[in-house]
Amino acid sequence: MEPTVLPDPQASRAVLVGLDTYAGMTSLPAAAHGTRRLSKLLRDLWGLPGSHITVLGAEASADGILSAVRDAAEATRDTLVVYFAGHGLRDQEGENLYLCLAGADPNYPQVGTVAYRDLRRVLRTAGASARYRLTVLDCCYSGLAGAMSPHGRATRDELARALGESATPGSDPWEDYGDVVLTSAPHDRQSFALPGATYPEATGELIKILERGIPGEGPELSVTLAWQRVRRRLLERGSPAPQQFAQNTVADYLCFPNRAATAAAPAGVSGDAKLYSTELPGISIKIDQTQKNSEGVPSVVPASVPGPDWQPAPVGRWRPESELPYPGDDAYFKQQYAHRRLLDQEWANLKKEFKTVRRRLQVPFHVRSPASIAIWLHQSTGDSRWMVIAESIKSLEDRTEGYVTTIVNDAYAAQVPGGRSQASYQLTIDTVNAYRERANQLRADMKKLTDLHAGLQE
């Protein structure tokens with residue numbers, strides 16, 4: 001059974017701000033109600049200690065909010081949650097978002113507000129050691145937090161600026177740490193708290209999911225899955241579309257318990273049993289968790305290498321020996337792009353599963369990539385089969401060479417508009433399927449080897 005991917009509540013913090021009273025704007029009692037309910041759910045559902053949650057209301061000042069975020073961020077090693085509900089304003093150019101405090105002036109966005117840009121800087125600077133940083137904004141024009149373009153769609157560079165990141169060429173888009181920003185509305189739309197409603201619209205739908213869960217899903221719900229459900233429900237009633245902006249794939253990895261699955265779980269099975277027990281008859285492995293590697297980090301070292309008679313199968317070559325040249329016709333572009341997306345998604349799924357391996361076998365957090373995880377496990381356990389896994393990973397990681405367009409340094413040599421050369425080879429669905437088959441083989445071998453090393457019997 002898969003281990004939990006929930007954040008550690010003891011290493012996490014939350015700052016929740018709900019503004020219900022305004023001097024020069026409409027009161028929003030629903031914002032305060034939603035903030036209090038979320039605070040209770042963080043304690044009851046996630047297990048976040050009350051001392052790790054800061055709740056601020058209409059009395060909050062800009063300095064008070066920024067200071068609270070700073071203090072919480074500095075204390076966070078796992079997940080930092082920052083939530084704001086209230087009025088939001090944008091400047092005349094429509095480029096900057098301001099979070100309104102009690103004394104906000106609707107005609108002058110810079111007066112009586114917290115500039116989201118300042119909040120983001122404090123959050124990222126003070127929270128540099130946090131694994132995940134989740135910001136939820138339930139206010140008008142909150143989509144500006146994602147640096148939305150005039151057409152409502154964020155470019156790669158705009159998103160990098162919105163999250164405070166540089167758009168580094170060659171960076172891996174499938175990393176599992178960083179920022180995710182959820183907003184109740186696009187950059188040019190207002191969001192609402194309906195008359196008589198207990199909570200603002202987006203917050204209310206999120207609270208329903210936290211309280212009830214989603215039937216048919218697993219024991220954990222990712223931020224992406226939950227927010228997609230919030231978005232669908234609001235769109236069905238004609239409300240503005242909530243937005244999600246995530247660095248890397250943090251929104252897929254950051255999860256919380258699914259109460260619908262918990263309610264359906266069989267009685268008598270403890271959490272420890274689900275997390276750490278495996279049913280592997282005839283295998284008795286003792287893990288010495290007190291040993292440390294050369295850096296002083298606890299290692300998972302079996303008393304003896306388990307299952308010596310079984311060996312994983314190397315992935316080997318998955319691309320055809322003779323590849324079809326790329327036709328260069330525009331008609332093939334969409335097909336080529338769709339096939340590349342399939343390869344990328346398969347690789348992303350593998351990376352996600354290696355995060356599970358890292359958690360189950362207590363690989364240090366700074367060891368991130370699948371290949372480095374396998375190499376670290378080889379070094380810490382002495383089991384050479386992890387090197388077979390590492391070599392297979394490298395074979396699958398190099399998946400798009402020759403299948404993507406490349407930038408041509410000499411503009412005069414470019415054969416297509418935009419200064420790019422066409423792909424060298426045609427990526428067929430047969431090649432994609434071959435890649436998937438090898439990925440499934442690696443997945444099965446990796447799971448078996450992980451189970452062998454993680455199996456505990458009393």
# chains A, B, ... in the order shown; residues from 1 in each chain; ligands from 1
>>> residues_around(residues="A:Leu254", least_positions_apart="5", cutoff="10 Å", atoms="only C-alpha atoms", output="list in words")
Val5, Leu6, Pro7, Thr79, Arg131, Tyr132, Arg133, Leu134, Asp176, Tyr177, Val180, Glu220, Leu221, Ser222, Val223, Thr224 and Thr249 of chain A
>>> write_last_selection(atoms="all heavy atoms", output="tab-separated table (two decimals), in the first residue's frame")
chain	number	residue	atom	x	y	z
A	5	VAL	N	1.48	10.92	1.50
A	5	VAL	CA	2.29	12.00	0.96
A	5	VAL	C	1.85	13.31	1.60
A	5	VAL	O	2.08	14.38	1.06
A	5	VAL	CB	2.15	12.09	-0.58
A	5	VAL	CG1	2.76	10.88	-1.23
A	5	VAL	CG2	0.69	12.23	-1.01
A	6	LEU	N	1.22	13.20	2.77
A	6	LEU	CA	0.75	14.40	3.45
A	6	LEU	C	1.92	15.16	4.06
A	6	LEU	O	2.90	14.55	4.52
A	6	LEU	CB	-0.24	14.03	4.56
A	6	LEU	CG	-1.47	13.25	4.11
A	6	LEU	CD1	-2.32	12.89	5.32
A	6	LEU	CD2	-2.28	14.07	3.13
A	7	PRO	N	1.85	16.49	4.11
A	7	PRO	CA	2.90	17.26	4.76
A	7	PRO	C	2.96	16.96	6.25
A	7	PRO	O	1.98	16.53	6.86
A	7	PRO	CB	2.48	18.71	4.50
A	7	PRO	CG	1.51	18.66	3.38
A	7	PRO	CD	0.82	17.34	3.50
A	79	THR	N	5.44	22.63	4.89
A	79	THR	CA	4.45	23.34	4.08
A	79	THR	C	3.99	24.62	4.77
A	79	THR	O	3.63	24.59	5.95
A	79	THR	CB	3.23	22.44	3.81
A	79	THR	OG1	3.66	21.27	3.10
A	79	THR	CG2	2.19	23.16	2.98
A	131	ARG	N	9.42	23.35	2.06
A	131	ARG	CA	9.30	22.45	0.90
A	131	ARG	C	8.21	22.95	-0.04
A	131	ARG	O	8.41	23.04	-1.24
A	131	ARG	CB	8.97	21.04	1.37
A	131	ARG	CG	8.74	20.05	0.23
A	131	ARG	CD	8.35	18.68	0.76
A	131	ARG	NE	9.43	18.09	1.54
A	131	ARG	CZ	9.33	16.92	2.18
A	131	ARG	NH1	8.20	16.25	2.14
A	131	ARG	NH2	10.33	16.45	2.86
A	132	TYR	N	7.06	23.27	0.52
A	132	TYR	CA	5.93	23.75	-0.28
A	132	TYR	C	5.44	25.07	0.28
A	132	TYR	O	5.42	25.28	1.50
A	132	TYR	CB	4.76	22.76	-0.25
A	132	TYR	CG	5.08	21.37	-0.69
A	132	TYR	CD1	4.75	20.28	0.10
A	132	TYR	CD2	5.70	21.12	-1.91
A	132	TYR	CE1	5.04	18.98	-0.31
A	132	TYR	CE2	5.98	19.84	-2.33
A	132	TYR	CZ	5.65	18.77	-1.51
A	132	TYR	OH	5.94	17.50	-1.92
A	133	ARG	N	4.98	25.97	-0.61
A	133	ARG	CA	4.37	27.23	-0.20
A	133	ARG	C	3.05	27.35	-0.97
A	133	ARG	O	3.05	27.51	-2.18
A	133	ARG	CB	5.30	28.41	-0.49
A	133	ARG	CG	6.56	28.41	0.35
A	133	ARG	CD	7.50	29.55	-0.05
A	133	ARG	NE	8.03	29.33	-1.38
A	133	ARG	CZ	9.20	28.71	-1.62
A	133	ARG	NH1	9.91	28.25	-0.62
A	133	ARG	NH2	9.64	28.56	-2.85
A	134	LEU	N	1.95	27.27	-0.24
A	134	LEU	CA	0.61	27.32	-0.83
A	134	LEU	C	-0.05	28.63	-0.45
A	134	LEU	O	-0.23	28.93	0.73
A	134	LEU	CB	-0.23	26.15	-0.33
A	134	LEU	CG	-1.72	26.17	-0.67
A	134	LEU	CD1	-1.93	26.10	-2.19
A	134	LEU	CD2	-2.45	25.02	0.01
A	176	ASP	N	9.30	18.42	-7.62
A	176	ASP	CA	8.17	18.29	-6.71
A	176	ASP	C	8.31	19.18	-5.49
A	176	ASP	O	8.01	18.78	-4.38
A	176	ASP	CB	8.01	16.83	-6.28
A	176	ASP	CG	9.27	16.29	-5.60
A	176	ASP	OD1	10.30	16.98	-5.62
A	176	ASP	OD2	9.20	15.19	-5.03
A	177	TYR	N	8.77	20.39	-5.67
A	177	TYR	CA	8.87	21.33	-4.56
A	177	TYR	C	8.64	22.72	-5.12
A	177	TYR	O	8.82	22.97	-6.30
A	177	TYR	CB	10.24	21.24	-3.88
A	177	TYR	CG	11.38	21.61	-4.79
A	177	TYR	CD1	11.91	22.90	-4.81
A	177	TYR	CD2	11.93	20.67	-5.67
A	177	TYR	CE1	12.94	23.24	-5.66
A	177	TYR	CE2	12.95	21.01	-6.52
A	177	TYR	CZ	13.46	22.28	-6.51
A	177	TYR	OH	14.48	22.63	-7.36
A	180	VAL	N	2.66	27.05	-5.10
A	180	VAL	CA	1.40	26.96	-5.83
A	180	VAL	C	0.51	28.09	-5.33
A	180	VAL	O	0.44	28.35	-4.14
A	180	VAL	CB	0.71	25.58	-5.66
A	180	VAL	CG1	0.45	25.26	-4.22
A	180	VAL	CG2	-0.58	25.52	-6.46
A	220	GLU	N	-5.66	10.27	-0.30
A	220	GLU	CA	-5.20	11.66	-0.31
A	220	GLU	C	-5.71	12.36	-1.57
A	220	GLU	O	-5.82	11.76	-2.63
A	220	GLU	CB	-3.67	11.76	-0.28
A	220	GLU	CG	-3.06	11.34	1.03
A	220	GLU	CD	-2.61	9.89	1.02
A	220	GLU	OE1	-2.30	9.39	-0.07
A	220	GLU	OE2	-2.60	9.26	2.10
A	221	LEU	N	-6.00	13.64	-1.43
A	221	LEU	CA	-6.42	14.48	-2.56
A	221	LEU	C	-5.34	15.50	-2.83
A	221	LEU	O	-4.93	16.23	-1.92
A	221	LEU	CB	-7.74	15.19	-2.24
A	221	LEU	CG	-8.96	14.31	-1.99
A	221	LEU	CD1	-10.15	15.17	-1.58
A	221	LEU	CD2	-9.30	13.49	-3.22
A	222	SER	N	-4.89	15.57	-4.06
A	222	SER	CA	-3.90	16.59	-4.42
A	222	SER	C	-4.57	17.95	-4.53
A	222	SER	O	-5.79	18.05	-4.72
A	222	SER	CB	-3.22	16.24	-5.75
A	222	SER	OG	-4.15	16.37	-6.83
A	223	VAL	N	-3.77	19.00	-4.40
A	223	VAL	CA	-4.29	20.35	-4.57
A	223	VAL	C	-4.90	20.51	-5.96
A	223	VAL	O	-5.96	21.12	-6.11
A	223	VAL	CB	-3.16	21.38	-4.34
A	223	VAL	CG1	-3.61	22.77	-4.78
A	223	VAL	CG2	-2.75	21.40	-2.87
A	224	THR	N	-4.24	19.95	-6.96
A	224	THR	CA	-4.77	20.05	-8.33
A	224	THR	C	-6.16	19.43	-8.44
A	224	THR	O	-7.08	20.04	-8.99
A	224	THR	CB	-3.82	19.35	-9.31
A	224	THR	OG1	-2.57	20.05	-9.35
A	224	THR	CG2	-4.41	19.32	-10.71
A	249	THR	N	5.69	20.65	-10.26
A	249	THR	CA	4.45	19.88	-10.11
A	249	THR	C	4.03	19.83	-8.65
A	249	THR	O	3.44	18.84	-8.19
A	249	THR	CB	4.64	18.44	-10.64
A	249	THR	OG1	5.80	17.87	-10.04
A	249	THR	CG2	4.75	18.44	-12.14
>>> residues_around(residues="A:Pro9", least_positions_apart="6", cutoff="9 Å", atoms="only C-alpha atoms", output="ChimeraX atom specification")
/A:46-49,52,78-79
>>> closest_residue(among="A:Tyr435, A:Tyr83, A:Tyr108, A:Phe333", to="A:Ser39", atoms="only C-alpha atoms")
A:Tyr83
>>> closest_residue(among="A:Ala454, A:Ala444, A:Ala185, A:Leu324", to="A:Gly402", atoms="only C-alpha atoms")
A:Leu324
>>> atom_distance(atom1="atom CA of A:Gln335", atom2="atom CA of A:Gly146")
29.6 Å
>>> residues_around(residues="A:Ala202", least_positions_apart="3", cutoff="7 Å", atoms="only C-alpha atoms", output="PyMOL selection string")
chain A and resi 138+184+205-206+230
>>> residues_around(residues="A:Pro312", least_positions_apart="4", cutoff="10 Å", atoms="only C-alpha atoms", output="PDB file with N, CA, C and O atoms, in the first residue's frame")
ATOM      1  N   ARG A 385      21.290  -3.820  -7.077  1.00  0.00           N
ATOM      2  CA  ARG A 385      20.143  -3.760  -7.981  1.00  0.00           C
ATOM      3  C   ARG A 385      19.633  -2.345  -8.153  1.00  0.00           C
ATOM      4  O   ARG A 385      18.984  -2.031  -9.160  1.00  0.00           O
ATOM      5  N   TRP A 386      19.901  -1.476  -7.186  1.00  0.00           N
ATOM      6  CA  TRP A 386      19.498  -0.078  -7.347  1.00  0.00           C
ATOM      7  C   TRP A 386      20.251   0.587  -8.491  1.00  0.00           C
ATOM      8  O   TRP A 386      19.740   1.534  -9.096  1.00  0.00           O
ATOM      9  N   MET A 387      21.452   0.117  -8.816  1.00  0.00           N
ATOM     10  CA  MET A 387      22.184   0.697  -9.948  1.00  0.00           C
ATOM     11  C   MET A 387      21.555   0.285 -11.278  1.00  0.00           C
ATOM     12  O   MET A 387      21.617   1.028 -12.252  1.00  0.00           O
ATOM     13  N   VAL A 388      20.954  -0.900 -11.318  1.00  0.00           N
ATOM     14  CA  VAL A 388      20.211  -1.292 -12.523  1.00  0.00           C
ATOM     15  C   VAL A 388      19.019  -0.352 -12.706  1.00  0.00           C
ATOM     16  O   VAL A 388      18.726   0.098 -13.819  1.00  0.00           O
ATOM     17  N   ILE A 389      18.340  -0.049 -11.595  1.00  0.00           N
ATOM     18  CA  ILE A 389      17.226   0.896 -11.650  1.00  0.00           C
ATOM     19  C   ILE A 389      17.721   2.263 -12.122  1.00  0.00           C
ATOM     20  O   ILE A 389      17.081   2.922 -12.950  1.00  0.00           O
ATOM     21  N   SER A 392      18.314   2.319 -15.830  1.00  0.00           N
ATOM     22  CA  SER A 392      17.039   2.321 -16.549  1.00  0.00           C
ATOM     23  C   SER A 392      16.394   3.703 -16.521  1.00  0.00           C
ATOM     24  O   SER A 392      15.802   4.148 -17.507  1.00  0.00           O
ATOM     25  N   GLN A 441       7.622  -1.597 -17.014  1.00  0.00           N
ATOM     26  CA  GLN A 441       8.576  -2.599 -16.534  1.00  0.00           C
ATOM     27  C   GLN A 441       9.413  -2.040 -15.396  1.00  0.00           C
ATOM     28  O   GLN A 441       9.585  -2.686 -14.351  1.00  0.00           O
ATOM     29  N   LEU A 442       9.925  -0.823 -15.583  1.00  0.00           N
ATOM     30  CA  LEU A 442      10.710  -0.192 -14.531  1.00  0.00           C
ATOM     31  C   LEU A 442       9.860   0.023 -13.285  1.00  0.00           C
ATOM     32  O   LEU A 442      10.316  -0.189 -12.155  1.00  0.00           O
ATOM     33  N   ALA A 444       7.317  -1.695 -12.208  1.00  0.00           N
ATOM     34  CA  ALA A 444       7.096  -2.950 -11.502  1.00  0.00           C
ATOM     35  C   ALA A 444       8.350  -3.388 -10.749  1.00  0.00           C
ATOM     36  O   ALA A 444       8.281  -3.814  -9.581  1.00  0.00           O
ATOM     37  N   ASP A 445       9.520  -3.298 -11.409  1.00  0.00           N
ATOM     38  CA  ASP A 445      10.772  -3.690 -10.755  1.00  0.00           C
ATOM     39  C   ASP A 445      11.089  -2.782  -9.577  1.00  0.00           C
ATOM     40  O   ASP A 445      11.536  -3.242  -8.519  1.00  0.00           O
ATOM     41  N   MET A 446      10.866  -1.490  -9.768  1.00  0.00           N
ATOM     42  CA  MET A 446      11.136  -0.530  -8.701  1.00  0.00           C
ATOM     43  C   MET A 446      10.240  -0.798  -7.500  1.00  0.00           C
ATOM     44  O   MET A 446      10.699  -0.773  -6.346  1.00  0.00           O
ATOM     45  N   LYS A 448       8.827  -3.652  -6.630  1.00  0.00           N
ATOM     46  CA  LYS A 448       9.225  -4.890  -5.967  1.00  0.00           C
ATOM     47  C   LYS A 448      10.468  -4.678  -5.112  1.00  0.00           C
ATOM     48  O   LYS A 448      10.527  -5.146  -3.966  1.00  0.00           O
ATOM     49  N   LEU A 449      11.439  -3.967  -5.645  1.00  0.00           N
ATOM     50  CA  LEU A 449      12.661  -3.728  -4.890  1.00  0.00           C
ATOM     51  C   LEU A 449      12.392  -2.843  -3.676  1.00  0.00           C
ATOM     52  O   LEU A 449      12.946  -3.065  -2.592  1.00  0.00           O
TER      53      LEU A 449
END
>>> residues_around(residues="A:Val81", least_positions_apart="4", cutoff="10 Å", atoms="only C-alpha atoms", output="ChimeraX atom specification")
/A:12-16,42,53,69,72-73,76,123,132-136,180
>>> residues_around(residues="A:Leu194", least_positions_apart="3", cutoff="12 Å", atoms="only C-alpha atoms", output="MDAnalysis selection string")
chainID A and resid 28:31 191 197:204 239
>>> atom_distance(atom1="atom CA of A:Thr54", atom2="atom CA of A:Pro109")
25.5 Å
>>> residues_around(residues="A:Phe245", least_positions_apart="2", cutoff="8 Å", atoms="only C-alpha atoms", output="ChimeraX atom specification")
/A:146,159,180-182,243,247
>>> closest_residue(among="A:Ala423, A:Leu235, A:Ala102, A:Val82", to="A:Asp179", atoms="only C-alpha atoms")
A:Val82
